[in-house]
file input01.cif (mmCIF, C-alpha atoms)
data_query
loop_
_atom_site.label_atom_id
_atom_site.label_comp_id
_atom_site.auth_asym_id
_atom_site.auth_seq_id
_atom_site.Cartn_x
_atom_site.Cartn_y
_atom_site.Cartn_z
CA MET O 1 -13.79 -138.85 -11.95
CA LYS O 2 -16.06 -135.98 -12.42
CA LYS O 3 -14.80 -134.44 -9.20
CA SER O 4 -11.16 -134.81 -10.17
CA LEU O 5 -11.85 -133.37 -13.60
CA SER O 6 -13.60 -130.35 -12.20
CA MET O 7 -10.79 -129.76 -9.72
CA SER O 8 -8.19 -129.90 -12.45
CA LEU O 9 -10.13 -127.44 -14.51
CA LYS O 10 -10.32 -125.07 -11.55
CA ASP O 11 -6.61 -125.35 -10.94
CA SER O 12 -5.82 -124.59 -14.54
CA SER O 13 -8.15 -121.56 -14.55
CA CYS O 14 -6.51 -120.23 -11.39
CA GLU O 15 -3.09 -120.56 -12.86
CA ASP O 16 -4.22 -118.70 -15.99
CA GLY O 17 -5.77 -115.98 -13.85
CA GLY O 18 -2.56 -115.52 -11.82
CA LYS O 19 -0.50 -115.19 -14.96
CA GLU O 20 -2.83 -112.56 -16.33
CA GLU O 21 -2.71 -110.57 -13.12
CA LYS O 22 1.08 -110.75 -13.08
CA MET O 23 1.23 -109.56 -16.69
CA THR O 24 -1.20 -106.70 -15.93
CA GLU O 25 0.92 -105.52 -12.98
CA GLU O 26 4.07 -105.56 -15.11
CA GLU O 27 2.39 -103.61 -17.89
CA SER O 28 1.01 -101.12 -15.35
CA GLY O 29 4.47 -100.56 -13.85
CA GLN O 30 5.97 -100.00 -17.26
CA THR O 31 3.23 -97.48 -18.11
CA GLY O 32 3.74 -95.55 -14.83
CA GLU O 33 7.49 -95.38 -15.40
CA SER O 34 6.89 -94.08 -18.90
CA ASN O 35 4.49 -91.47 -17.59
CA ARG O 36 6.96 -90.31 -14.93
CA TYR O 37 9.68 -89.97 -17.52
CA GLU O 38 7.44 -88.00 -19.83
CA HIS O 39 6.30 -85.80 -16.92
CA LYS O 40 9.92 -85.10 -15.89
CA GLN O 41 10.81 -84.40 -19.49
CA LYS O 42 7.96 -81.90 -19.74
CA GLU O 43 9.00 -80.31 -16.46
CA ASP O 44 12.55 -79.93 -17.79
CA GLU O 45 11.18 -78.39 -20.95
CA LEU O 46 8.91 -76.00 -19.04
CA GLU O 47 11.52 -74.95 -16.43
CA PRO O 48 13.38 -72.41 -18.68
CA LEU O 49 10.06 -71.06 -19.88
CA ASN O 50 8.79 -70.69 -16.31
CA ARG O 51 12.08 -69.11 -15.24
CA SER O 52 11.83 -66.63 -18.12
CA ARG O 53 8.24 -65.82 -17.24
CA LEU O 54 9.16 -65.34 -13.57
CA THR O 55 12.00 -63.03 -14.56
CA GLN O 56 9.68 -61.01 -16.79
CA MET O 57 7.07 -60.82 -14.04
CA LYS O 58 9.71 -59.75 -11.51
CA THR O 59 11.03 -57.07 -13.86
CA SER O 60 7.51 -55.91 -14.59
CA HIS O 61 6.67 -55.74 -10.88
CA GLU O 62 9.90 -53.85 -10.16
CA LYS O 63 9.05 -51.35 -12.89
CA GLU O 64 5.56 -50.95 -11.49
CA LEU O 65 7.00 -50.44 -8.00
CA GLU O 66 9.47 -47.88 -9.34
CA GLU O 67 6.67 -46.05 -11.14
CA MET O 68 4.57 -46.15 -7.99
CA ARG O 69 7.50 -44.76 -5.97
CA LYS O 70 8.02 -41.96 -8.50
CA LYS O 71 4.30 -41.20 -8.50
CA GLU O 72 4.38 -41.09 -4.70
CA GLU O 73 7.32 -38.69 -4.79
CA LEU O 74 5.51 -36.56 -7.35
CA ARG O 75 2.41 -36.58 -5.15
CA SER O 76 4.56 -35.54 -2.19
CA GLU O 77 6.20 -32.74 -4.18
CA LEU O 78 2.84 -31.67 -5.57
CA LYS O 79 1.38 -31.66 -2.06
CA GLN O 80 4.32 -29.57 -0.86
CA LYS O 81 3.91 -27.13 -3.75
CA GLU O 82 0.18 -26.93 -3.09
CA ASP O 83 0.89 -26.20 0.56
CA GLU O 84 3.40 -23.52 -0.44
CA LEU O 85 0.93 -22.06 -2.93
CA GLU O 86 -1.80 -22.07 -0.30
CA SER O 87 0.60 -20.44 2.16
CA LEU O 88 1.54 -17.88 -0.47
CA ASN O 89 -2.12 -17.14 -1.18
CA LYS O 90 -2.73 -16.67 2.53
CA ARG O 91 0.30 -14.39 2.77
CA LEU O 92 -0.86 -12.42 -0.25
CA THR O 93 -4.32 -12.11 1.27
CA GLN O 94 -2.81 -11.01 4.57
CA MET O 95 -0.49 -8.60 2.76
CA LYS O 96 -3.43 -7.23 0.79
CA THR O 97 -5.49 -6.79 3.96
CA SER O 98 -2.53 -5.27 5.79
CA HIS O 99 -1.70 -3.05 2.84
CA GLU O 100 -5.29 -1.84 2.57
CA LYS O 101 -5.34 -1.17 6.31
CA GLU O 102 -2.02 0.67 6.16
CA LEU O 103 -3.22 2.52 3.08
CA GLN O 104 -6.35 3.63 4.91
CA GLU O 105 -4.26 4.71 7.90
CA MET O 106 -1.88 6.56 5.59
CA ARG O 107 -4.76 8.34 3.92
CA THR O 108 -6.20 9.27 7.31
CA ASN O 109 -2.83 10.47 8.63
CA PHE O 110 -2.11 12.32 5.40
CA ARG O 111 -5.53 13.95 5.52
CA LYS O 112 -4.95 14.97 9.13
CA LYS O 113 -1.50 16.36 8.34
CA GLU O 114 -2.86 18.13 5.29
CA GLU O 115 -5.68 19.64 7.34
CA GLU O 116 -3.24 20.62 10.10
CA LEU O 117 -0.90 22.19 7.55
CA GLN O 118 -3.78 23.98 5.88
CA ARG O 119 -5.00 25.24 9.24
CA ARG O 120 -1.52 26.48 10.19
CA LEU O 121 -1.04 28.07 6.79
CA THR O 122 -4.45 29.74 7.05
CA GLN O 123 -3.63 31.04 10.52
CA MET O 124 -0.24 32.29 9.41
CA LYS O 125 -1.70 33.81 6.27
CA THR O 126 -4.40 35.56 8.27
CA SER O 127 -1.86 36.78 10.81
CA HIS O 128 0.55 38.03 8.17
CA GLU O 129 -2.22 39.59 6.12
CA LYS O 130 -3.41 41.38 9.25
CA GLU O 131 0.11 42.63 9.95
CA LEU O 132 0.53 43.69 6.33
CA GLN O 133 -2.82 45.47 6.42
CA GLU O 134 -1.82 47.31 9.59
CA MET O 135 1.53 48.22 8.05
CA ARG O 136 -0.19 49.44 4.87
CA THR O 137 -2.64 51.48 6.99
CA ASN O 138 0.18 53.03 9.01
CA PHE O 139 2.16 53.59 5.86
CA ARG O 140 -0.82 55.29 4.20
CA LYS O 141 -1.35 57.51 7.24
CA LYS O 142 2.30 58.49 7.31
CA GLU O 143 2.27 59.06 3.57
CA GLU O 144 -0.83 61.28 3.88
CA GLU O 145 0.78 63.14 6.77
CA LEU O 146 3.90 63.66 4.71
CA GLN O 147 1.91 64.85 1.70
CA ARG O 148 -0.01 67.25 3.86
CA ARG O 149 3.19 68.65 5.31
CA LEU O 150 4.75 68.86 1.88
CA GLN O 151 1.71 70.82 0.70
CA GLU O 152 2.12 73.16 3.63
CA ALA O 153 5.81 73.60 2.87
CA PRO O 154 5.40 76.35 0.14
CA ALA O 155 3.30 78.44 2.49
CA LEU O 156 5.88 78.00 5.20
CA ARG O 157 8.64 78.92 2.79
CA SER O 158 6.70 82.02 1.74
CA SER O 159 6.18 83.00 5.33
CA LEU O 160 9.81 82.43 6.05
CA GLN O 161 10.78 84.96 3.42
CA HIS O 162 8.93 87.64 5.39
CA CYS O 163 10.36 86.50 8.70
CA LYS O 164 13.19 88.05 10.42
CA PRO O 165 16.68 86.56 10.10
CA GLN O 166 15.82 83.99 12.81
CA GLY O 167 13.20 82.54 10.35
CA CYS O 168 15.93 80.35 8.84
CA GLU O 169 15.44 78.08 11.81
CA HIS O 170 11.93 77.23 10.55
CA LYS O 171 13.33 76.34 7.14
CA GLN O 172 15.93 74.03 8.64
CA SER O 173 13.31 72.37 10.82
CA LEU O 174 11.07 71.76 7.80
CA THR O 175 13.90 70.18 5.85
CA GLN O 176 14.72 67.85 8.74
CA LEU O 177 11.06 66.90 9.04
CA GLU O 178 10.89 66.06 5.34
CA ILE O 179 14.01 63.92 5.57
CA PHE O 180 12.64 62.14 8.65
CA TYR O 181 9.33 61.19 7.02
CA LYS O 182 10.99 60.06 3.81
CA LYS O 183 13.23 57.80 5.89
CA LYS O 184 10.22 56.39 7.75
CA LEU O 185 8.45 55.81 4.45
CA ASN O 186 11.38 53.82 3.07
CA GLU O 187 11.61 51.83 6.29
CA ALA O 188 7.91 50.95 6.12
CA ARG O 189 8.25 49.84 2.50
CA SER O 190 11.30 47.70 3.35
CA ALA O 191 9.51 46.15 6.35
CA ALA O 192 6.48 45.29 4.23
CA ALA O 193 8.67 43.67 1.55
CA GLN O 194 10.59 41.73 4.22
CA LYS O 195 7.36 40.46 5.79
CA GLU O 196 6.10 39.21 2.43
CA LYS O 197 9.45 37.50 1.78
CA GLU O 198 9.39 35.83 5.22
CA PHE O 199 5.81 34.69 4.67
CA LYS O 200 6.70 33.03 1.34
CA SER O 201 9.80 31.42 2.88
CA LEU O 202 7.73 30.06 5.78
CA LYS O 203 5.19 28.50 3.42
CA ASP O 204 7.96 26.81 1.41
CA ARG O 205 9.69 25.58 4.57
CA LEU O 206 6.50 24.11 6.02
CA ALA O 207 5.72 22.36 2.75
CA ALA O 208 9.24 20.87 2.70
CA GLN O 209 8.92 19.72 6.32
CA VAL O 210 5.64 17.99 5.60
CA ALA O 211 7.18 16.26 2.59
CA ILE O 212 10.16 15.07 4.65
CA SER O 213 7.98 13.85 7.50
CA LEU O 214 5.84 11.86 5.06
CA LYS O 215 8.88 10.32 3.37
CA THR O 216 10.87 9.54 6.52
CA GLY O 217 7.98 8.36 8.67
CA ASN O 218 6.95 4.80 9.51
CA THR O 219 4.11 4.72 7.01
CA GLU O 220 4.46 3.68 3.39
CA SER O 221 3.65 6.00 0.54
CA MET O 222 1.11 4.76 -1.97
CA ASN O 223 3.38 5.85 -4.83
CA ASP O 224 6.67 4.58 -3.34
CA PRO O 225 8.07 1.92 -5.75
CA VAL O 226 10.59 0.67 -3.15
CA SER O 227 8.34 0.29 -0.10
CA LYS O 228 8.56 -2.91 1.93
CA THR O 229 5.34 -4.16 0.34
CA ARG O 230 6.69 -3.57 -3.18
CA LEU O 231 10.05 -5.19 -2.28
CA THR O 232 8.21 -8.27 -0.99
CA GLU O 233 6.21 -8.45 -4.22
CA MET O 234 9.39 -8.17 -6.32
CA TYR O 235 11.03 -10.95 -4.26
CA ASP O 236 8.01 -13.25 -4.70
CA ASN O 237 8.04 -12.53 -8.43
CA LEU O 238 11.73 -13.49 -8.62
CA LYS O 239 11.18 -16.67 -6.57
CA LEU O 240 7.97 -17.95 -8.15
CA LEU O 241 8.08 -16.72 -11.76
CA GLN O 242 11.67 -16.04 -12.89
CA TRP O 243 13.55 -18.71 -10.95
CA PRO O 244 11.64 -21.83 -12.24
CA ASN O 245 12.49 -20.99 -15.88
CA ILE O 246 16.18 -20.45 -15.12
CA LYS O 247 16.24 -23.56 -12.91
CA ASP O 248 15.07 -25.79 -15.77
CA ARG O 249 17.82 -24.44 -18.05
CA LEU O 250 20.47 -25.01 -15.37
CA LYS O 251 19.28 -28.60 -14.88
CA SER O 252 19.59 -29.25 -18.60
CA ARG O 253 23.20 -28.00 -18.49
CA LYS O 254 24.07 -30.35 -15.60
CA ILE O 255 24.54 -27.58 -13.01
CA GLY O 256 23.91 -28.70 -9.43
CA PRO O 257 21.65 -26.88 -6.95
CA LYS O 258 24.54 -26.24 -4.55
CA GLU O 259 26.49 -24.17 -7.10
CA ALA O 260 23.37 -22.14 -7.94
CA LYS O 261 22.53 -21.56 -4.26
CA ASP O 262 26.09 -20.44 -3.46
CA LEU O 263 25.97 -17.89 -6.29
CA ILE O 264 22.54 -16.53 -5.29
CA GLN O 265 23.32 -16.32 -1.57
CA ARG O 266 26.72 -14.72 -2.21
CA THR O 267 25.15 -12.19 -4.58
CA PHE O 268 22.58 -11.06 -1.99
CA GLY O 269 25.37 -10.88 0.62
CA ASP O 270 27.62 -8.77 -1.62
CA ALA O 271 24.77 -6.36 -2.35
CA ALA O 272 24.11 -5.95 1.38
CA GLU O 273 27.80 -5.33 2.13
CA GLU O 274 28.12 -2.75 -0.66
CA MET O 275 25.06 -0.84 0.57
CA LYS O 276 26.38 -0.99 4.13
CA ARG O 277 29.60 0.62 2.91
CA ARG O 278 27.71 3.37 1.09
CA LYS O 279 25.55 4.11 4.14
CA GLN O 280 28.71 4.39 6.23
CA GLN O 281 30.04 6.93 3.72
CA ILE O 282 26.84 8.97 4.06
CA GLU O 283 27.07 8.74 7.86
CA LYS O 284 30.69 9.92 7.75
CA MET O 285 29.79 12.84 5.49
CA PHE O 286 27.07 14.04 7.89
CA GLN O 287 29.39 13.66 10.86
CA GLU O 288 32.04 15.79 9.15
CA THR O 289 29.51 18.57 8.51
CA ARG O 290 28.50 18.78 12.17
CA SER O 291 29.89 21.79 14.03
CA SER O 292 29.74 20.30 17.54
CA SER O 293 29.92 16.97 19.32
CA GLY O 294 26.47 17.29 20.90
CA PRO O 295 23.39 15.24 20.03
CA ILE O 296 22.43 15.07 16.36
CA PRO O 297 19.57 17.47 15.57
CA GLN O 298 16.35 15.87 14.40
CA LYS O 299 16.50 17.67 11.05
CA VAL O 300 19.98 16.28 10.39
CA LYS O 301 18.68 12.75 11.05
CA GLU O 302 15.75 13.27 8.72
CA TYR O 303 17.88 14.63 5.89
CA ARG O 304 20.44 11.84 6.35
CA GLN O 305 17.65 9.29 6.10
CA LEU O 306 16.31 11.11 3.07
CA THR O 307 19.75 10.85 1.44
CA VAL O 308 19.73 7.07 1.88
CA GLN O 309 16.25 6.86 0.37
CA ASN O 310 17.31 9.02 -2.57
CA LEU O 311 20.20 6.58 -3.14
CA GLN O 312 17.64 3.75 -3.07
CA MET O 313 15.51 5.51 -5.70
CA ALA O 314 18.59 6.16 -7.87
CA LEU O 315 19.46 2.44 -7.80
CA PHE O 316 15.83 1.54 -8.56
CA HIS O 317 16.14 3.44 -11.86
CA THR O 318 19.65 2.07 -12.61
CA SER O 319 20.25 -0.68 -15.18
CA LYS O 320 20.41 -4.00 -13.33
CA GLU O 321 23.09 -5.53 -15.56
CA ASP O 322 25.35 -2.46 -15.41
CA LEU O 323 25.01 -2.38 -11.64
CA PHE O 324 26.31 -5.94 -11.21
CA LYS O 325 28.60 -6.27 -14.23
CA THR O 326 31.88 -6.39 -12.27
CA GLY O 327 30.60 -8.62 -9.49
CA PHE O 328 29.15 -11.14 -11.93
CA LEU O 329 32.48 -11.58 -13.69
CA GLU O 330 34.03 -12.41 -10.32
CA HIS O 331 31.35 -14.87 -9.17
CA ALA O 332 30.61 -16.64 -12.49
CA GLY O 333 34.21 -17.34 -13.51
CA GLN O 334 33.86 -21.04 -12.55
CA PHE O 335 30.92 -21.69 -14.90
CA PRO O 336 31.07 -22.53 -18.65
CA GLY O 337 30.27 -19.81 -21.13
CA GLU O 338 26.77 -21.05 -22.02
CA VAL O 339 25.84 -21.25 -18.33
CA LYS O 340 26.98 -17.68 -17.64
CA GLU O 341 24.31 -16.36 -19.96
CA ASP O 342 21.62 -18.18 -17.97
CA LEU O 343 23.04 -16.94 -14.67
CA ARG O 344 23.72 -13.36 -15.75
CA LEU O 345 20.12 -12.15 -15.66
CA LEU O 346 19.42 -14.06 -12.43
CA ALA O 347 22.50 -12.68 -10.64
CA SER O 348 21.79 -9.12 -11.88
CA GLU O 349 18.22 -9.34 -10.59
CA CYS O 350 19.39 -10.71 -7.21
CA TYR O 351 22.05 -8.02 -6.80
CA TRP O 352 19.71 -5.17 -7.81
CA LEU O 353 16.94 -6.40 -5.50
CA GLY O 354 19.47 -7.07 -2.71
CA CYS O 355 20.66 -3.43 -2.91
CA LEU O 356 17.10 -2.09 -2.66
CA MET O 357 16.32 -4.40 0.27
CA ALA O 358 19.53 -3.41 2.09
CA LEU O 359 18.61 0.30 1.80
CA ASN O 360 15.14 -0.24 3.27
CA ILE O 361 14.47 1.01 6.80
CA PRO O 362 15.04 -1.41 8.44
CA PRO O 363 17.27 -3.38 6.00
CA LEU O 364 15.81 -6.62 4.62
CA GLN O 365 17.40 -9.95 3.64
CA PRO O 366 16.11 -13.40 2.56
CA ASP O 367 15.66 -15.59 5.63
CA TRP O 368 18.55 -17.98 4.89
CA LYS O 369 18.82 -19.20 8.52
CA ASN O 370 15.32 -20.69 8.70
CA HIS O 371 15.16 -21.97 5.12
CA ASP O 372 14.57 -25.72 4.71
CA PRO O 373 14.42 -26.94 1.08
CA GLY O 374 12.91 -30.29 2.13
CA PHE O 375 12.85 -32.99 -0.57
CA GLU O 376 13.38 -30.49 -3.38
CA SER O 377 17.06 -29.51 -3.41
CA TRP O 378 16.36 -26.88 -6.08
CA ASP O 379 14.06 -25.00 -3.70
CA ILE O 380 16.80 -22.41 -3.10
CA PHE O 381 15.01 -19.15 -2.32
CA PRO O 382 13.76 -18.79 1.29
CA ARG O 383 10.03 -18.39 1.71
CA ASP O 384 10.23 -15.03 3.54
CA ILE O 385 12.39 -11.93 3.82
CA GLN O 386 13.27 -10.65 7.28
CA PRO O 387 14.87 -7.50 8.81
CA SER O 388 18.66 -7.83 9.11
CA ASP O 389 21.30 -6.26 11.35
CA LEU O 390 23.12 -4.28 8.64
#
call {"tool": "encode", "arguments": {"input": "input01.cif", "output": "structure tokens"}}
result
Amino acid sequence: MKKSLSMSLKDSSCEDGGKEEKMTEEESGQTGESNRYEHKQKEDELEPLNRSRLTQMKTSHEKELEEMRKKEELRSELKQKEDELESLNKRLTQMKTSHEKELQEMRTNFRKKEEELQRRLTQMKTSHEKELQEMRTNFRKKEEELQRRLQEAPALRSSLQHCKPQGCEHKQSLTQLEIFYKKKLNEARSAAAQKEKEFKSLKDRLAAQVAISLKTGNTESMNDPVSKTRLTEMYDNLKLLQWPNIKDRLKSRKIGPKEAKDLIQRTFGDAAEEMKRRKQQIEKMFQETRSSSGPIPQKVKEYRQLTVQNLQMALFHTSKEDLFKTGFLEHAGQFPGEVKEDLRLLASECYWLGCLMALNIPPLQPDWKNHDPGFESWDIFPRDIQPSDL
């Protein structure tokens, strides 16, 4: 009995335990399903927010990348400008050294020429003074001789009055002698005046020759405002100081670099062609004045070269805007009115400087062939100027 009772109690407790476990599993499954639903619901709610955040992050990263790219471009441009500035400083230093060296050589050559001229003038002056002194001495002797004979003339005349009729021959001889010495005296005076005139003319001619040789030689004058060194400085000033200001104004008016470059390059070319035409006119004029078809005398070459340099100096002192007024109206017709004002000063400066460079010996031009603007399309002006074949 006791055994059967205990077994029944065990069976009933097992059944109760199985029911409880089954109920716990069902409740656990329901809870997990509820949690999955809530989790999915939260994921659905967070998905638009995450998508928005990802979009914002992507946009932000793209902006940062764009800013980094721009900064890199600016660094590249800055590095290029620094290299150009360093190159320019080196060129300026080299130009300064070269100019000082040339200046020293010019001073030495000028001093030598001045000493040579002074020596020649001193020799010529001494020689002419010696000749003049000899002429004055001879003239004085002849004048004294004539005075002495003139003093003796009254006595001769008195003696002739007591002579026989043939004494008239003495009187005639005395008259001829007086005429002869007066003629010699006048000739001596004329010769002395002519010598002094020739001496003055020779000094003036030598001074002019020295001036021409200094102006037409290979050396540069310290006071020459259109020497190659000064032209290079004026070109660098146009490229580095004037052009950046005008470039910014053109950019603000939506003018492209190609249009500006075409205008600048065409302006320099027109200036060179016009100066080539004027030099041909000078050449033709000198050819027409030649009397023979033989070789051109050296003096003719020097004076022809001097004529070209005088034309260069005349243009240097000419108003830049008046010089290019007609050409600018032709070239700038395609631009709006407000742009023409910005381009007018630039084109006038380019044409004026182009004329001076074309009249240099040898002629100069911006080095368009070897110019590479690189990343900066507005870098229009070539770095250097080079001799041209005008």
call {"tool": "residues_around", "arguments": {"input": "input01.cif", "residues": "segment 79-90 of chain O", "least_positions_apart": "2", "cutoff": "12 Å", "atoms": "only C-alpha atoms", "output": "PyMOL selection string"}}
result
chain O and resi 71-77+92-98+232-233+236-237+239-240+373-376+379+382-384
call {"tool": "resolve_selection", "arguments": {"input": "input01.cif", "expression": "the PyMOL selection byres ((chain O and resi 275-286) around 10)", "output": "list in words"}}
result
Asp270, Ala271, Ala272, Glu273, Glu274, Gln287, Glu288, Thr289, Arg290, Ile296, Val300, Lys301, Tyr303, Arg304, Gln305, Thr307, Val308, Leu311, Gln312, Gly354, Cys355, Leu356, Met357, Ala358, Leu359, Pro363 and Leu390 of chain O
call {"tool": "residues_near_point", "arguments": {"input": "input01.cif", "point": "(13.1, -17.3, -15.9)", "cutoff": "12 Å", "atoms": "all atoms listed in the file", "output": "list in words"}}
result
Asn237, Leu238, Lys239, Leu240, Leu241, Gln242, Trp243, Pro244, Asn245, Ile246, Lys247, Asp248, Arg249, Leu250, Glu341, Asp342, Leu343, Arg344, Leu345, Leu346, Ala347 and Glu349 of chain O
call {"tool": "atom_distance", "arguments": {"input": "input01.cif", "atom1": "atom CA of Glu178 of chain O", "atom2": "atom CA of Glu145 of chain O"}}
result
10.6 Å
call {"tool": "closest_residue", "arguments": {"input": "input01.cif", "among": "O:Lys183, O:Ala191, O:His371, O:Gln118", "to": "Glu134 of chain O", "atoms": "only C-alpha atoms"}}
result
O:Ala191
